[in-house]
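S.K.: The structure that follows is given in the form of structure tokens.
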Amino acid sequence: MSSTTKQQMRPRHCRHFYAIVALSCCALLPLMETAAGEEPEALGEEPKVQAEQTEPEQSASVQQGTVEPKKEAAAKPLPAPQGKEEKKQEEKTSTGTQTAATEPQKEVSKKNSNPDKQPYSGADSAVHFATAGNRLREQAARYREMNNQWQAIDPGPPLRAGHQDRRVMQLRKLLQLFGDYTGQPGPVSDTDDNPERFDAGVQLAVESYQRRHGMVVTGIADKATLRELERTPQELARLLELNAKRWDQLPDSPGQRYILVNVPDFQLQLIDRQRVVLSMKTVVGKSTKRTPEMTTKVVSVVFNPTWTV
């Protein structure tokens, strides 16, 4: 062949080479799109979008004359598109179950979010300022009703466990009237039920009476306890009503954290959310120089203060 013919043939070979490369690239396009179309299924997207994207690509492959890649794409059946109504129903059911599961938790959280509406009522609970006055008046009315049944104990020495005397029977009746004596402890009662004997039931009643009146709990009816028992219910009712008026002068809600000093009891209490978290003895004035009653705010605390006479 001449050089002119070779030069004319080179462009034709080049054209065929470029056409083959272009056709091979077009043949690979549906395979790439098929592999890319499988990714939205893993992500949970709608398969309807995949079908819309693959339709123009398949038509382009037909125009180029590559039919086999189209068969591969058709060989993998696409899942049936899910209707919008079915998806809405599934969303409703899922949200319904979540709402039903979270409703009890919301009720519990509402109860726990209002600690003031559910005051603490444990063994170490503090006095409620808003109801203390009315409770004392109710107790005063109860004491006035039992005034006719009250009978003083005969004078004599202190009484303790094991003593047997007529005065023990009077002590038992008096403590039962005040509500401290509730019978013998334990499920089995004592066969030797002698009312004049100072048994375990009387001892527990004496301890309860001493604890209620702020006395040293010993379980022995000593001189201080017998002196306290000599007060008539009429006198006790008068003292309760007097203290009820004092409680009425205090604020109904002192706050969640405050300090209460009980002057007659020589006690200081730190209350946090109606619970006594700290209690200690305190020094108060004498009857000639009494400690004043006040309501104020604590701004500082002095540890180990100097004591100058």
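Scheme for the structure tokens: letters A, B, ... for chains in order shown; per-chain residue numbers from 1; ligand numbers from 1 in order shown.
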Using only C-alpha atoms, which protein or nucleic acid residues come within 12 Å of Arg172 in chain A? Drop anything in the same chain fewer than 6 positions from it, and give the result as a ChimeraX atom specification.

M.R.: /A:150-153,159,164-166,178-184,194-206,209,221,229

S.K.: Residues of the last selection are to be written out with N, CA and C atoms, as a PDB file, in the first residue's frame.

M.R.:
ATOM      1  N   TRP A 150     -58.966  10.357 134.174  1.00  0.00           N
ATOM      2  CA  TRP A 150     -57.590  10.431 134.681  1.00  0.00           C
ATOM      3  C   TRP A 150     -57.567  10.240 136.191  1.00  0.00           C
ATOM      4  N   GLN A 151     -56.579   9.495 136.682  1.00  0.00           N
ATOM      5  CA  GLN A 151     -56.412   9.262 138.114  1.00  0.00           C
ATOM      6  C   GLN A 151     -54.915   9.288 138.426  1.00  0.00           C
ATOM      7  N   ALA A 152     -54.547  10.092 139.409  1.00  0.00           N
ATOM      8  CA  ALA A 152     -53.138  10.273 139.744  1.00  0.00           C
ATOM      9  C   ALA A 152     -52.576   9.017 140.404  1.00  0.00           C
ATOM     10  N   ILE A 153     -51.252   8.863 140.303  1.00  0.00           N
ATOM     11  CA  ILE A 153     -50.549   7.743 140.926  1.00  0.00           C
ATOM     12  C   ILE A 153     -50.231   8.109 142.373  1.00  0.00           C
ATOM     13  N   LEU A 159     -40.504   3.420 140.154  1.00  0.00           N
ATOM     14  CA  LEU A 159     -40.927   2.078 139.759  1.00  0.00           C
ATOM     15  C   LEU A 159     -40.067   1.618 138.590  1.00  0.00           C
ATOM     16  N   GLN A 164     -43.670  -5.101 141.971  1.00  0.00           N
ATOM     17  CA  GLN A 164     -45.070  -5.520 142.042  1.00  0.00           C
ATOM     18  C   GLN A 164     -45.737  -4.702 143.131  1.00  0.00           C
ATOM     19  N   ASP A 165     -46.653  -3.848 142.693  1.00  0.00           N
ATOM     20  CA  ASP A 165     -47.259  -2.908 143.635  1.00  0.00           C
ATOM     21  C   ASP A 165     -48.576  -2.409 143.039  1.00  0.00           C
ATOM     22  N   ARG A 166     -49.418  -1.858 143.889  1.00  0.00           N
ATOM     23  CA  ARG A 166     -50.670  -1.277 143.426  1.00  0.00           C
ATOM     24  C   ARG A 166     -50.408  -0.049 142.549  1.00  0.00           C
ATOM     25  N   PHE A 178     -53.193   7.433 127.956  1.00  0.00           N
ATOM     26  CA  PHE A 178     -52.445   8.334 127.085  1.00  0.00           C
ATOM     27  C   PHE A 178     -52.091   7.697 125.738  1.00  0.00           C
ATOM     28  N   GLY A 179     -52.288   6.406 125.596  1.00  0.00           N
ATOM     29  CA  GLY A 179     -52.014   5.734 124.345  1.00  0.00           C
ATOM     30  C   GLY A 179     -50.625   5.137 124.237  1.00  0.00           C
ATOM     31  N   ASP A 180     -49.853   5.129 125.317  1.00  0.00           N
ATOM     32  CA  ASP A 180     -48.506   4.561 125.270  1.00  0.00           C
ATOM     33  C   ASP A 180     -48.496   3.057 125.538  1.00  0.00           C
ATOM     34  N   TYR A 181     -49.404   2.584 126.371  1.00  0.00           N
ATOM     35  CA  TYR A 181     -49.449   1.157 126.679  1.00  0.00           C
ATOM     36  C   TYR A 181     -50.377   0.470 125.687  1.00  0.00           C
ATOM     37  N   THR A 182     -49.849  -0.526 124.971  1.00  0.00           N
ATOM     38  CA  THR A 182     -50.631  -1.256 123.963  1.00  0.00           C
ATOM     39  C   THR A 182     -50.651  -2.751 124.240  1.00  0.00           C
ATOM     40  N   GLY A 183     -50.291  -3.185 125.431  1.00  0.00           N
ATOM     41  CA  GLY A 183     -50.308  -4.600 125.768  1.00  0.00           C
ATOM     42  C   GLY A 183     -48.905  -5.182 125.798  1.00  0.00           C
ATOM     43  N   GLN A 184     -48.861  -6.516 125.928  1.00  0.00           N
ATOM     44  CA  GLN A 184     -47.590  -7.216 125.999  1.00  0.00           C
ATOM     45  C   GLN A 184     -46.944  -7.310 124.623  1.00  0.00           C
ATOM     46  N   ASN A 194     -50.498 -10.403 135.591  1.00  0.00           N
ATOM     47  CA  ASN A 194     -50.747  -9.705 136.847  1.00  0.00           C
ATOM     48  C   ASN A 194     -50.666  -8.203 136.591  1.00  0.00           C
ATOM     49  N   PRO A 195     -51.766  -7.461 136.733  1.00  0.00           N
ATOM     50  CA  PRO A 195     -51.736  -6.025 136.430  1.00  0.00           C
ATOM     51  C   PRO A 195     -50.869  -5.226 137.390  1.00  0.00           C
ATOM     52  N   GLU A 196     -50.523  -5.780 138.551  1.00  0.00           N
ATOM     53  CA  GLU A 196     -49.718  -5.038 139.528  1.00  0.00           C
ATOM     54  C   GLU A 196     -48.219  -5.304 139.361  1.00  0.00           C
ATOM     55  N   ARG A 197     -47.836  -6.071 138.339  1.00  0.00           N
ATOM     56  CA  ARG A 197     -46.424  -6.376 138.135  1.00  0.00           C
ATOM     57  C   ARG A 197     -45.859  -5.517 137.006  1.00  0.00           C
ATOM     58  N   PHE A 198     -44.682  -4.963 137.218  1.00  0.00           N
ATOM     59  CA  PHE A 198     -43.991  -4.122 136.237  1.00  0.00           C
ATOM     60  C   PHE A 198     -43.338  -5.054 135.205  1.00  0.00           C
ATOM     61  N   ASP A 199     -44.065  -5.340 134.113  1.00  0.00           N
ATOM     62  CA  ASP A 199     -43.579  -6.281 133.118  1.00  0.00           C
ATOM     63  C   ASP A 199     -42.993  -5.526 131.916  1.00  0.00           C
ATOM     64  N   ALA A 200     -42.717  -6.295 130.845  1.00  0.00           N
ATOM     65  CA  ALA A 200     -42.109  -5.705 129.655  1.00  0.00           C
ATOM     66  C   ALA A 200     -43.048  -4.727 128.955  1.00  0.00           C
ATOM     67  N   GLY A 201     -44.361  -5.000 129.002  1.00  0.00           N
ATOM     68  CA  GLY A 201     -45.312  -4.082 128.382  1.00  0.00           C
ATOM     69  C   GLY A 201     -45.310  -2.722 129.044  1.00  0.00           C
ATOM     70  N   VAL A 202     -45.253  -2.692 130.374  1.00  0.00           N
ATOM     71  CA  VAL A 202     -45.208  -1.414 131.096  1.00  0.00           C
ATOM     72  C   VAL A 202     -43.894  -0.692 130.815  1.00  0.00           C
ATOM     73  N   GLN A 203     -42.816  -1.438 130.735  1.00  0.00           N
ATOM     74  CA  GLN A 203     -41.518  -0.810 130.464  1.00  0.00           C
ATOM     75  C   GLN A 203     -41.501  -0.139 129.095  1.00  0.00           C
ATOM     76  N   LEU A 204     -42.045  -0.813 128.093  1.00  0.00           N
ATOM     77  CA  LEU A 204     -42.113  -0.204 126.763  1.00  0.00           C
ATOM     78  C   LEU A 204     -43.019   1.021 126.757  1.00  0.00           C
ATOM     79  N   ALA A 205     -44.078   0.991 127.539  1.00  0.00           N
ATOM     80  CA  ALA A 205     -44.978   2.142 127.619  1.00  0.00           C
ATOM     81  C   ALA A 205     -44.290   3.334 128.277  1.00  0.00           C
ATOM     82  N   VAL A 206     -43.501   3.075 129.307  1.00  0.00           N
ATOM     83  CA  VAL A 206     -42.760   4.165 129.965  1.00  0.00           C
ATOM     84  C   VAL A 206     -41.742   4.769 128.998  1.00  0.00           C
ATOM     85  N   TYR A 209     -43.587   7.024 126.581  1.00  0.00           N
ATOM     86  CA  TYR A 209     -43.993   8.279 127.218  1.00  0.00           C
ATOM     87  C   TYR A 209     -42.797   9.214 127.380  1.00  0.00           C
ATOM     88  N   ALA A 221     -39.770   4.447 135.760  1.00  0.00           N
ATOM     89  CA  ALA A 221     -40.628   5.537 136.213  1.00  0.00           C
ATOM     90  C   ALA A 221     -39.948   6.224 137.394  1.00  0.00           C
ATOM     91  N   LEU A 229     -46.124  12.820 135.088  1.00  0.00           N
ATOM     92  CA  LEU A 229     -47.418  12.132 135.071  1.00  0.00           C
ATOM     93  C   LEU A 229     -48.423  12.744 136.043  1.00  0.00           C
TER      94      LEU A 229
END

S.K.: Set the distance at 12 Å and use only C-alpha atoms: which residues neighbour Asp124 in chain A once local chain neighbours fewer than 3 positions away are removed? I'd like the list as a short mmCIF file (atom, residue, chain, number, x, y, z; two decimals) with N, CA, C and O atoms, in the first residue's frame.

M.R.:
data_model
loop_
_atom_site.label_atom_id
_atom_site.label_comp_id
_atom_site.auth_asym_id
_atom_site.auth_seq_id
_atom_site.Cartn_x
_atom_site.Cartn_y
_atom_site.Cartn_z
N TYR A 120 -42.29 14.27 103.06
CA TYR A 120 -41.65 13.11 103.65
C TYR A 120 -42.31 12.78 104.98
O TYR A 120 -42.57 13.67 105.80
N SER A 121 -42.57 11.50 105.22
CA SER A 121 -43.28 11.08 106.44
C SER A 121 -42.59 9.90 107.08
O SER A 121 -43.24 8.97 107.54
N VAL A 127 -41.39 18.49 111.75
CA VAL A 127 -42.75 18.98 112.00
C VAL A 127 -43.18 19.84 110.82
O VAL A 127 -42.41 20.68 110.33
N GLN A 269 -31.94 21.45 115.07
CA GLN A 269 -32.16 20.49 113.99
C GLN A 269 -31.93 21.18 112.64
O GLN A 269 -32.37 22.32 112.44
N LEU A 270 -31.25 20.48 111.76
CA LEU A 270 -31.10 20.91 110.37
C LEU A 270 -32.04 20.07 109.52
O LEU A 270 -31.89 18.84 109.47
N ILE A 271 -32.99 20.70 108.88
CA ILE A 271 -34.02 20.01 108.09
C ILE A 271 -33.75 20.26 106.62
O ILE A 271 -33.56 21.41 106.20
N ASP A 272 -33.74 19.20 105.86
CA ASP A 272 -33.56 19.26 104.41
C ASP A 272 -34.67 18.44 103.77
O ASP A 272 -34.71 17.22 103.91
N ARG A 273 -35.60 19.12 103.08
CA ARG A 273 -36.75 18.47 102.43
C ARG A 273 -37.56 17.64 103.43
O ARG A 273 -37.83 16.45 103.20
N GLN A 274 -37.92 18.28 104.55
CA GLN A 274 -38.75 17.68 105.60
C GLN A 274 -38.10 16.49 106.28
O GLN A 274 -38.78 15.70 106.91
N ARG A 275 -36.79 16.35 106.18
CA ARG A 275 -36.07 15.27 106.84
C ARG A 275 -35.00 15.86 107.75
O ARG A 275 -34.24 16.73 107.33
N VAL A 276 -34.93 15.38 108.98
CA VAL A 276 -33.93 15.84 109.94
C VAL A 276 -32.61 15.15 109.60
O VAL A 276 -32.43 13.96 109.84
N VAL A 277 -31.67 15.91 109.03
CA VAL A 277 -30.38 15.36 108.63
C VAL A 277 -29.30 15.60 109.67
O VAL A 277 -28.25 14.96 109.64
N LEU A 278 -29.53 16.52 110.62
CA LEU A 278 -28.55 16.80 111.66
C LEU A 278 -29.27 17.29 112.90
O LEU A 278 -30.20 18.09 112.82
N SER A 279 -28.87 16.77 114.05
CA SER A 279 -29.47 17.16 115.33
C SER A 279 -28.37 17.23 116.38
O SER A 279 -27.51 16.36 116.44
#

S.K.: What lies within 12 Å of Met215 in chain A using only C-alpha atoms, ignoring chain neighbours under 4 positions off, as a list in words?

M.R.: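 Listing them by chain and then by number gives Val206, Glu207, Ser208, Tyr209, Gln210, Arg211, Gly219, Ile220, Ala221, Asp222, Lys223, Ala224, Thr225, Leu226, Arg227, Glu228, Pro264, Asp265 and Phe266 of chain A.
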
S.K.: Show me, as a PyMOL selection string, the residues that have an atom within 10 Å of range 132-148 of chain A when counting only C-alpha atoms, minus same-chain residues fewer than 6 positions from it.

M.R.: chain A and resi 177-178+232-250+252

S.K.: Got time to write the residues from that selection, N, CA and C atoms, as a PDB file, in the first residue's frame?

M.R.:
ATOM      1  N   LEU A 177     -54.299   5.128 129.035  1.00  0.00           N
ATOM      2  CA  LEU A 177     -55.165   6.258 128.730  1.00  0.00           C
ATOM      3  C   LEU A 177     -54.483   7.236 127.777  1.00  0.00           C
ATOM      4  N   PHE A 178     -53.193   7.433 127.956  1.00  0.00           N
ATOM      5  CA  PHE A 178     -52.445   8.334 127.085  1.00  0.00           C
ATOM      6  C   PHE A 178     -52.091   7.697 125.738  1.00  0.00           C
ATOM      7  N   THR A 232     -52.408  17.074 135.126  1.00  0.00           N
ATOM      8  CA  THR A 232     -53.734  16.637 134.707  1.00  0.00           C
ATOM      9  C   THR A 232     -53.912  16.851 133.205  1.00  0.00           C
ATOM     10  N   PRO A 233     -54.789  16.094 132.553  1.00  0.00           N
ATOM     11  CA  PRO A 233     -55.045  16.328 131.126  1.00  0.00           C
ATOM     12  C   PRO A 233     -55.553  17.733 130.834  1.00  0.00           C
ATOM     13  N   GLN A 234     -56.234  18.346 131.797  1.00  0.00           N
ATOM     14  CA  GLN A 234     -56.711  19.711 131.606  1.00  0.00           C
ATOM     15  C   GLN A 234     -55.536  20.680 131.462  1.00  0.00           C
ATOM     16  N   GLU A 235     -54.518  20.500 132.287  1.00  0.00           N
ATOM     17  CA  GLU A 235     -53.346  21.362 132.208  1.00  0.00           C
ATOM     18  C   GLU A 235     -52.575  21.107 130.907  1.00  0.00           C
ATOM     19  N   LEU A 236     -52.460  19.845 130.507  1.00  0.00           N
ATOM     20  CA  LEU A 236     -51.771  19.532 129.273  1.00  0.00           C
ATOM     21  C   LEU A 236     -52.487  20.117 128.053  1.00  0.00           C
ATOM     22  N   ALA A 237     -53.824  20.110 128.084  1.00  0.00           N
ATOM     23  CA  ALA A 237     -54.586  20.685 126.981  1.00  0.00           C
ATOM     24  C   ALA A 237     -54.343  22.188 126.878  1.00  0.00           C
ATOM     25  N   ARG A 238     -54.228  22.853 128.011  1.00  0.00           N
ATOM     26  CA  ARG A 238     -53.955  24.296 127.993  1.00  0.00           C
ATOM     27  C   ARG A 238     -52.577  24.583 127.384  1.00  0.00           C
ATOM     28  N   LEU A 239     -51.569  23.767 127.720  1.00  0.00           N
ATOM     29  CA  LEU A 239     -50.233  23.962 127.163  1.00  0.00           C
ATOM     30  C   LEU A 239     -50.208  23.682 125.655  1.00  0.00           C
ATOM     31  N   LEU A 240     -50.963  22.686 125.226  1.00  0.00           N
ATOM     32  CA  LEU A 240     -51.020  22.379 123.799  1.00  0.00           C
ATOM     33  C   LEU A 240     -51.656  23.523 123.008  1.00  0.00           C
ATOM     34  N   GLU A 241     -52.699  24.090 123.520  1.00  0.00           N
ATOM     35  CA  GLU A 241     -53.345  25.217 122.832  1.00  0.00           C
ATOM     36  C   GLU A 241     -52.434  26.439 122.795  1.00  0.00           C
ATOM     37  N   LEU A 242     -51.653  26.641 123.862  1.00  0.00           N
ATOM     38  CA  LEU A 242     -50.707  27.756 123.879  1.00  0.00           C
ATOM     39  C   LEU A 242     -49.615  27.565 122.823  1.00  0.00           C
ATOM     40  N   ASN A 243     -49.127  26.362 122.712  1.00  0.00           N
ATOM     41  CA  ASN A 243     -48.112  26.086 121.686  1.00  0.00           C
ATOM     42  C   ASN A 243     -48.693  26.153 120.271  1.00  0.00           C
ATOM     43  N   ALA A 244     -49.975  25.832 120.127  1.00  0.00           N
ATOM     44  CA  ALA A 244     -50.608  25.929 118.810  1.00  0.00           C
ATOM     45  C   ALA A 244     -50.618  27.381 118.325  1.00  0.00           C
ATOM     46  N   LYS A 245     -50.841  28.328 119.225  1.00  0.00           N
ATOM     47  CA  LYS A 245     -50.805  29.744 118.841  1.00  0.00           C
ATOM     48  C   LYS A 245     -49.394  30.164 118.417  1.00  0.00           C
ATOM     49  N   ARG A 246     -48.404  29.597 119.081  1.00  0.00           N
ATOM     50  CA  ARG A 246     -47.023  29.929 118.700  1.00  0.00           C
ATOM     51  C   ARG A 246     -46.686  29.379 117.309  1.00  0.00           C
ATOM     52  N   TRP A 247     -47.179  28.194 116.991  1.00  0.00           N
ATOM     53  CA  TRP A 247     -46.940  27.644 115.659  1.00  0.00           C
ATOM     54  C   TRP A 247     -47.646  28.469 114.590  1.00  0.00           C
ATOM     55  N   ASP A 248     -48.798  29.045 114.927  1.00  0.00           N
ATOM     56  CA  ASP A 248     -49.518  29.860 113.953  1.00  0.00           C
ATOM     57  C   ASP A 248     -48.746  31.119 113.576  1.00  0.00           C
ATOM     58  N   GLN A 249     -47.888  31.589 114.451  1.00  0.00           N
ATOM     59  CA  GLN A 249     -47.100  32.793 114.163  1.00  0.00           C
ATOM     60  C   GLN A 249     -45.917  32.516 113.243  1.00  0.00           C
ATOM     61  N   LEU A 250     -45.543  31.264 113.094  1.00  0.00           N
ATOM     62  CA  LEU A 250     -44.425  30.911 112.225  1.00  0.00           C
ATOM     63  C   LEU A 250     -44.895  30.797 110.772  1.00  0.00           C
ATOM     64  N   ASP A 252     -45.832  29.318 107.163  1.00  0.00           N
ATOM     65  CA  ASP A 252     -46.335  28.001 106.775  1.00  0.00           C
ATOM     66  C   ASP A 252     -45.286  27.187 106.027  1.00  0.00           C
TER      67      ASP A 252
END
